[in-house]
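Undergrad: Handing you this structure, nothing more for now.
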Amino acid sequence: MTRMGSAALLSAFIVALYAMAASLVGALQRRERVIRSAEVASHLVTFLLTLSSASLLYALYTRDFSLAYVYEYVNRALSPWYTATAFWAGQAGSLLFWGWTLGLSTSVVLWQNRRRERELMPWVNFVLSAVGTFFLLVLNFVSPPFERFPGPVQPDGYGLNPLLQNIGMVIHPPTLFLGYVGLTIPFAFGLAALIAGRVDEGWHLITRRWTVVSWFFLSLGIVLGAWWAYNVLGWGGYWAWDPVENASLLPWLTATGFLHSVMAQERRGMMKVWNMVLVMLSFFLVIFGTFVTRSGIIQSVHAFGKSNLGYFFGAFLVLIVLAGVGLLLWRWRLLATETRLESFFSRESGFLLNNLIFSAMTFTVFFGTLSPVISELATGNKITLSVAFYNRVMIPAAILLFLLMAVCPLLRWRQGPGSLLPANAAVPLAALASGAGVAAYAGFRDAWAVLAFGIALALAVVVVREVARGTRARARGGESLHLALGRLLGANRRRYGGYLIHLSMAVMFLGIAGSAMNRETSATLAHGERMQAGAYVLVNDDIKSMPEAQYQTVKARVKVLIDEKFAGYLYPELRYYNTQDADPDKPHTEVATRSTWREDLYAILNGYNIRTGEVTLRILINPLVPWIWMGCVILSAGSLFLLWPERRKAEGGGA
Amino acid sequence: MSWFWMAFFLILSAVAVGIPFILPLEESPEPASIEDDLSYRRRRLESSIRDLDLDLAAGKLSADNHATARKALEEELQALGRVSPVLAGSGGPAA
């Protein structure tokens, strides 16, 4: 089976080369049969990659330790659930997963457009095949997943990193990869539009759904990564501006900017060059992130080991820049804007400002991520920028963005706000003041956090009022209220889905702003002893050690009292894994949390004495953290609402 | 790696990519509506009209301004060939 997988992978590389060459020839000579043949080749690549992926999964499940990858990432005790995770846990497997999802996306795009965009599609297939060929080159010759284990076959494997044995890590990597892969499609269409010289004809409309889908997966992947860090790494936070975290945020920032600025192009024919740059930049940053994660140039807890993959991804980055800049310069004249900005207070100005802020944020994160490399080149010393650096730029920028989210729905296309603005702005301004006042009353002393609460409430008021007014207007025409609401939302999915996503961002942002009120305390408690943490009293109830299939666990039972009333137990835990490299002095922390809508009570077992029953606890009270996860649920709902296919409108007079 | 599988996949691929050279081609596909410039302009105008309706509902436009602007856009739309059923149906708020 693995031999078949290996052969399928090499065959896929050869067929991808053919697909690339045939697309190029077909496009240049306008030969439909050659173009169709290239498309068949791309579908074949997907088929071969599917076989290859299935082979690797089979090897993982059958514990075929003759493969180095299987030996490194699974052992006999690993549960079937986490065995699937091993597919993307390592360098080679994750690249295969990436290549496979890229193949699937390519096939879907080619199928969707098999009768449309016939001038553009050979170029789209050319770009997608070129990207696929790059990944297959790496998979076959640099980081092969089917490499044999050197030496005699071992009876058991090394096992999956315990940190990855978590539900968050089952979902987080594939969602992130889907986001990355999805951004390849707009990139391919953008380049194809430039090559074919058809930049005016709505290439961005075709790829808009792809961009939204990949943006959704990227958002989900980032939040799930934060959730995993919060619940598994046991340091009490969820985001540390680590280079690998930043690597996933960078394409998200540019893709978010693109989703906004593309509206100015659709409605007003503006920002064409900028949109093209954003599409290319998003893909560039995806590859840059992979370069950072896999080259070993930057230290990170999340990075894969150092490897020579970095050279390949570095070369690929150079190629992307050269192709992108070259094509932009070649087609510069075609990208001239159709209209001028007519008012500084129009909606398109809002999008422009929004994009400027996203650009500033992208530059900050990019610079911060590369700071150790830049400083080493300049001074010989590696300087890693602290969290304070990011906070100094990103917090005010995010506040400005949220302010724009609240203001933009009040603005009109083309024209200034008009005489009705003061009346429309009065209620949101009152909401802003009330939200800020409530936050200050609740004890928030950080000015940014107070402002964040005010803006979030104003944003919510603006959105709810927009929906309410639209519904009332329809209801005046004779529809019942719920029918009016349903039809209003259904007919404007993009607008109201977008608003729901804005609301989700506000909810998440409030969750983040809550960190201004984080509190922490530590204590060593004898059996039965108690400690105070905010409104909670924690009692050391019990501690015990017991063996599990893959590890020895030491689990404390901590009784939680609120106003002297029993409110539940927390079970913070330390795990000593049986893997070959497990360090007995560095057990894995399993935090215990008690979540309410107001805050998380977060307990970490820092030390213990089984004989005396003594435990050392680190307790954090993290206000509003659950809002971040709740915001992610709302974001998913908003994205699904936005992406849900609209009912087909009847054409001609048949309606 | 198995040479048998390698040969099998490559022969299979060669046959598959050769099929488009043998089978008759489908009818020359119609240009996609989205690609059609007229359609593209029509969609933009329709979006603008929907925005106007929503602006009116949201109280951002007075009824007079809305009527004037909508009329101008509708005329522009009619000049493109036909009024889309999108606007006659249940699109924006019933103003």
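Chain lettering (A, B, ...) mirrors the order of the structure tokens, residue numbering begins at 1 for each chain separately, and ligand numbering begins at 1 in order of display.
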In region 362-453 of chain A, what's helix (DSSP H, G or I) per DSSP? Answer as a ChimeraX atom specification?
TA: /A:362-379,387-410,421-441,447-453
Undergrad: When you look at Ala247 (chain A) with a cut-off of 9 Å (counting only C-alpha atoms), what residues show up, excluding the ones that are within fewer than 6 positions of it in the same chain? I need them as a list in words.
TA: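 Contacts, with the query itself left out: Leu285, Val286, Phe288, Gly289, Thr290, Val292, Thr293, Val365, Phe366 and Thr369 of chain A.
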Undergrad: Which residues are close to Met6 (chain B), i.e. within 10 Å by only C-alpha atoms, leaving aside same-chain residues fewer than 6 positions away? Reply as a PyMOL selection string.
TA: (chain A and resi 3-12) or (chain B and resi 12)
Undergrad: Please dump the current selection as a JSON list (two decimals), in the first residue's frame; keep N, CA and C atoms.
TA:
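To be explicit, this is the file written out as again-v6.json:
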[["chain", "number", "residue", "atom", "x", "y", "z"],
["A", 3, "ARG", "N", 3.91, 1.50, -0.96],
["A", 3, "ARG", "CA", 4.65, 1.58, -2.23],
["A", 3, "ARG", "C", 3.76, 2.22, -3.30],
["A", 4, "MET", "N", 2.49, 1.87, -3.23],
["A", 4, "MET", "CA", 1.55, 2.47, -4.18],
["A", 4, "MET", "C", 1.45, 3.98, -3.92],
["A", 5, "GLY", "N", 1.40, 4.34, -2.63],
["A", 5, "GLY", "CA", 1.32, 5.77, -2.27],
["A", 5, "GLY", "C", 2.51, 6.54, -2.76],
["A", 6, "SER", "N", 3.68, 5.95, -2.61],
["A", 6, "SER", "CA", 4.91, 6.60, -3.05],
["A", 6, "SER", "C", 4.92, 6.76, -4.57],
["A", 7, "ALA", "N", 4.49, 5.70, -5.27],
["A", 7, "ALA", "CA", 4.44, 5.76, -6.74],
["A", 7, "ALA", "C", 3.40, 6.79, -7.19],
["A", 8, "ALA", "N", 2.29, 6.87, -6.47],
["A", 8, "ALA", "CA", 1.25, 7.85, -6.82],
["A", 8, "ALA", "C", 1.78, 9.27, -6.67],
["A", 9, "LEU", "N", 2.61, 9.46, -5.63],
["A", 9, "LEU", "CA", 3.14, 10.81, -5.37],
["A", 9, "LEU", "C", 4.10, 11.24, -6.49],
["A", 10, "LEU", "N", 4.97, 10.31, -6.91],
["A", 10, "LEU", "CA", 5.90, 10.64, -7.98],
["A", 10, "LEU", "C", 5.16, 10.83, -9.31],
["A", 11, "SER", "N", 4.16, 9.97, -9.53],
["A", 11, "SER", "CA", 3.37, 10.11, -10.76],
["A", 11, "SER", "C", 2.64, 11.46, -10.76],
["A", 12, "ALA", "N", 2.14, 11.85, -9.59],
["A", 12, "ALA", "CA", 1.43, 13.13, -9.49],
["A", 12, "ALA", "C", 2.35, 14.28, -9.89],
["B", 12, "LEU", "N", -2.07, 5.00, -17.13],
["B", 12, "LEU", "CA", -3.45, 5.47, -16.88],
["B", 12, "LEU", "C", -3.55, 6.97, -17.18]]
Undergrad: As a list in words, please: the residues near region 21-33 of chain A (cut-off 7 Å, only C-alpha atoms, same-chain neighbours under 2 positions excluded).
TA: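 Everything that qualifies: Leu17, Tyr18, Ala19, Ile35, Arg36, Ser37, Ala38, Pro122, Trp123, Asn125 and Phe126 of chain A; Pro20 and Phe21 of chain B.
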Undergrad: Can you write just those residues out, N, CA, C and O atoms, as a PDB file, in the first residue's frame?
TA:
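Saved result, again_15.pdb, follows:
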ATOM      1  N   LEU A  17       3.494  18.399 -13.858  1.00  0.00           N
ATOM      2  CA  LEU A  17       4.380  19.087 -14.814  1.00  0.00           C
ATOM      3  C   LEU A  17       3.702  19.163 -16.180  1.00  0.00           C
ATOM      4  O   LEU A  17       3.741  20.192 -16.868  1.00  0.00           O
ATOM      5  N   TYR A  18       3.070  18.038 -16.556  1.00  0.00           N
ATOM      6  CA  TYR A  18       2.364  18.017 -17.841  1.00  0.00           C
ATOM      7  C   TYR A  18       1.209  19.028 -17.832  1.00  0.00           C
ATOM      8  O   TYR A  18       1.016  19.775 -18.797  1.00  0.00           O
ATOM      9  N   ALA A  19       0.455  19.046 -16.713  1.00  0.00           N
ATOM     10  CA  ALA A  19      -0.696  19.967 -16.622  1.00  0.00           C
ATOM     11  C   ALA A  19      -0.233  21.408 -16.797  1.00  0.00           C
ATOM     12  O   ALA A  19      -0.863  22.213 -17.499  1.00  0.00           O
ATOM     13  N   ILE A  35      -6.023  22.468 -23.821  1.00  0.00           N
ATOM     14  CA  ILE A  35      -6.487  23.039 -22.547  1.00  0.00           C
ATOM     15  C   ILE A  35      -7.280  21.995 -21.762  1.00  0.00           C
ATOM     16  O   ILE A  35      -7.086  21.813 -20.560  1.00  0.00           O
ATOM     17  N   ARG A  36      -8.168  21.276 -22.461  1.00  0.00           N
ATOM     18  CA  ARG A  36      -8.974  20.234 -21.805  1.00  0.00           C
ATOM     19  C   ARG A  36      -8.075  19.111 -21.275  1.00  0.00           C
ATOM     20  O   ARG A  36      -8.299  18.569 -20.202  1.00  0.00           O
ATOM     21  N   SER A  37      -7.068  18.772 -22.054  1.00  0.00           N
ATOM     22  CA  SER A  37      -6.148  17.717 -21.633  1.00  0.00           C
ATOM     23  C   SER A  37      -5.425  18.143 -20.342  1.00  0.00           C
ATOM     24  O   SER A  37      -5.246  17.334 -19.415  1.00  0.00           O
ATOM     25  N   ALA A  38      -5.043  19.427 -20.273  1.00  0.00           N
ATOM     26  CA  ALA A  38      -4.380  19.939 -19.062  1.00  0.00           C
ATOM     27  C   ALA A  38      -5.324  19.857 -17.864  1.00  0.00           C
ATOM     28  O   ALA A  38      -4.906  19.538 -16.745  1.00  0.00           O
ATOM     29  N   PRO A 122      -7.362  28.487 -18.672  1.00  0.00           N
ATOM     30  CA  PRO A 122      -6.051  27.851 -18.878  1.00  0.00           C
ATOM     31  C   PRO A 122      -4.957  28.512 -18.049  1.00  0.00           C
ATOM     32  O   PRO A 122      -4.062  27.829 -17.529  1.00  0.00           O
ATOM     33  N   TRP A 123      -5.068  29.825 -17.883  1.00  0.00           N
ATOM     34  CA  TRP A 123      -4.059  30.515 -17.077  1.00  0.00           C
ATOM     35  C   TRP A 123      -4.244  30.205 -15.594  1.00  0.00           C
ATOM     36  O   TRP A 123      -3.265  30.069 -14.852  1.00  0.00           O
ATOM     37  N   ASN A 125      -5.442  27.429 -14.439  1.00  0.00           N
ATOM     38  CA  ASN A 125      -4.924  26.067 -14.284  1.00  0.00           C
ATOM     39  C   ASN A 125      -3.398  26.071 -14.303  1.00  0.00           C
ATOM     40  O   ASN A 125      -2.761  25.323 -13.555  1.00  0.00           O
ATOM     41  N   PHE A 126      -2.828  26.939 -15.124  1.00  0.00           N
ATOM     42  CA  PHE A 126      -1.358  27.035 -15.194  1.00  0.00           C
ATOM     43  C   PHE A 126      -0.797  27.443 -13.824  1.00  0.00           C
ATOM     44  O   PHE A 126       0.136  26.815 -13.309  1.00  0.00           O
TER      45      PHE A 126
ATOM     46  N   PRO B  20      -9.163  13.949 -24.408  1.00  0.00           N
ATOM     47  CA  PRO B  20      -9.665  15.178 -25.051  1.00  0.00           C
ATOM     48  C   PRO B  20      -9.193  15.360 -26.493  1.00  0.00           C
ATOM     49  O   PRO B  20      -9.800  16.110 -27.259  1.00  0.00           O
ATOM     50  N   PHE B  21      -8.100  14.647 -26.877  1.00  0.00           N
ATOM     51  CA  PHE B  21      -7.627  14.772 -28.259  1.00  0.00           C
ATOM     52  C   PHE B  21      -8.425  13.873 -29.210  1.00  0.00           C
ATOM     53  O   PHE B  21      -8.359  14.037 -30.418  1.00  0.00           O
TER      54      PHE B  21
END
Undergrad: Residues of chain A no more than 6 Å from chain B, counting only C-alpha atoms: send them over as an NGL selection string.
TA: :A and (3-4 or 6-7 or 33 or 37 or 40-41 or 115-116 or 201 or 267 or 420 or 466 or 469-470 or 473-474 or 477 or 491)
Undergrad: Since we have the selection now, will you write its residues out, keeping N, CA and C atoms, as a compact mmCIF listing (two decimals), in the first residue's frame?
TA:
# COMPACT_ATOMS: atom_id res chain seq x y z
N ARG A 3 3.91 1.50 -0.96
CA ARG A 3 4.65 1.58 -2.23
C ARG A 3 3.76 2.22 -3.30
N MET A 4 2.49 1.87 -3.23
CA MET A 4 1.55 2.47 -4.18
C MET A 4 1.45 3.98 -3.92
N SER A 6 3.68 5.95 -2.61
CA SER A 6 4.91 6.60 -3.05
C SER A 6 4.92 6.76 -4.57
N ALA A 7 4.49 5.70 -5.27
CA ALA A 7 4.44 5.76 -6.74
C ALA A 7 3.40 6.79 -7.19
N ARG A 33 -8.41 21.61 -27.20
CA ARG A 33 -8.16 20.22 -26.83
C ARG A 33 -6.97 20.11 -25.86
N SER A 37 -7.07 18.77 -22.05
CA SER A 37 -6.15 17.72 -21.63
C SER A 37 -5.43 18.14 -20.34
N VAL A 40 -7.78 17.69 -17.47
CA VAL A 40 -7.86 16.27 -17.07
C VAL A 40 -6.63 15.91 -16.24
N ALA A 41 -5.47 16.42 -16.66
CA ALA A 41 -4.24 16.13 -15.91
C ALA A 41 -4.33 16.66 -14.48
N ARG A 115 -17.47 25.48 -18.20
CA ARG A 115 -18.12 26.09 -19.36
C ARG A 115 -18.05 27.61 -19.35
N ARG A 116 -17.34 28.17 -18.36
CA ARG A 116 -17.25 29.63 -18.29
C ARG A 116 -15.79 30.04 -18.25
N GLU A 201 -13.14 42.40 -15.82
CA GLU A 201 -14.33 41.59 -16.05
C GLU A 201 -14.73 40.69 -14.89
N ARG A 267 -18.40 48.20 -6.77
CA ARG A 267 -19.41 49.26 -6.85
C ARG A 267 -18.93 50.48 -7.62
N LEU A 420 -28.77 64.03 7.20
CA LEU A 420 -29.40 63.11 8.15
C LEU A 420 -28.40 62.46 9.11
N GLU A 466 -30.01 49.12 11.88
CA GLU A 466 -30.10 48.94 10.42
C GLU A 466 -31.10 47.83 10.08
N ARG A 469 -34.76 48.95 11.04
CA ARG A 469 -35.34 49.92 10.11
C ARG A 469 -35.71 49.27 8.78
N GLY A 470 -34.81 48.42 8.30
CA GLY A 470 -35.09 47.72 7.04
C GLY A 470 -36.34 46.85 7.16
N ALA A 473 -39.43 48.99 7.30
CA ALA A 473 -39.75 49.55 5.98
C ALA A 473 -40.48 48.51 5.12
N ARG A 474 -40.00 47.26 5.21
CA ARG A 474 -40.66 46.20 4.43
C ARG A 474 -42.05 45.92 5.00
N GLY A 477 -44.96 47.77 3.85
CA GLY A 477 -45.51 47.34 2.56
C GLY A 477 -46.51 46.20 2.70
N ALA A 491 -32.43 38.50 1.22
CA ALA A 491 -32.14 39.16 -0.04
C ALA A 491 -30.84 39.95 0.01
Undergrad: So how far away is CA of Arg70 (chain B) from CA of Gly490 (chain A), in Å?
TA: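 Answer for the CA of Gly490 (chain A) to CA of Arg70 (chain B) separation: 21.8 Å.
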Undergrad: From the options A:Met276, A:Leu128, A:Leu253, A:Val615, which residue's atoms come nearest to Ala360 (chain A), counting only C-alpha atoms?
TA: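 Of the candidates, the smallest distance to Ala360 (chain A) is held by A:Leu253.
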Undergrad: Just the number, please: distance in Å from CA of Met20 (chain A) to CA of Phe216 (chain A), one decimal.
TA: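 One can read the CA of Met20 (chain A) to CA of Phe216 (chain A) distance as 29.3 Å.
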Undergrad: Show me, as a list in words, the residues that have an atom within 9 Å of Thr184 (chain A) when counting only C-alpha atoms, minus same-chain residues fewer than 5 positions from it.
TA: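 Returned residues: Leu102, Leu128, Val131, Phe189, Val279, Ser282, Phe283 and Val286 of chain A.
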Undergrad: For C-alpha atoms, I'd like the residues from the last selection saved as a PDB file, in the first residue's frame.
TA:
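Dumped to again-v4.pdb:
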ATOM      1  CA  LEU A 102      -4.848  22.156  -3.036  1.00  0.00           C
ATOM      2  CA  LEU A 128      -2.565  26.317  -9.787  1.00  0.00           C
ATOM      3  CA  VAL A 131       1.869  25.870  -7.183  1.00  0.00           C
ATOM      4  CA  PHE A 189      -7.425  34.116 -10.792  1.00  0.00           C
ATOM      5  CA  VAL A 279      -4.537  39.061  -3.431  1.00  0.00           C
ATOM      6  CA  SER A 282      -2.133  37.235   0.865  1.00  0.00           C
ATOM      7  CA  PHE A 283      -0.706  34.284  -1.038  1.00  0.00           C
ATOM      8  CA  VAL A 286       0.828  32.205   3.253  1.00  0.00           C
TER       9      VAL A 286
END
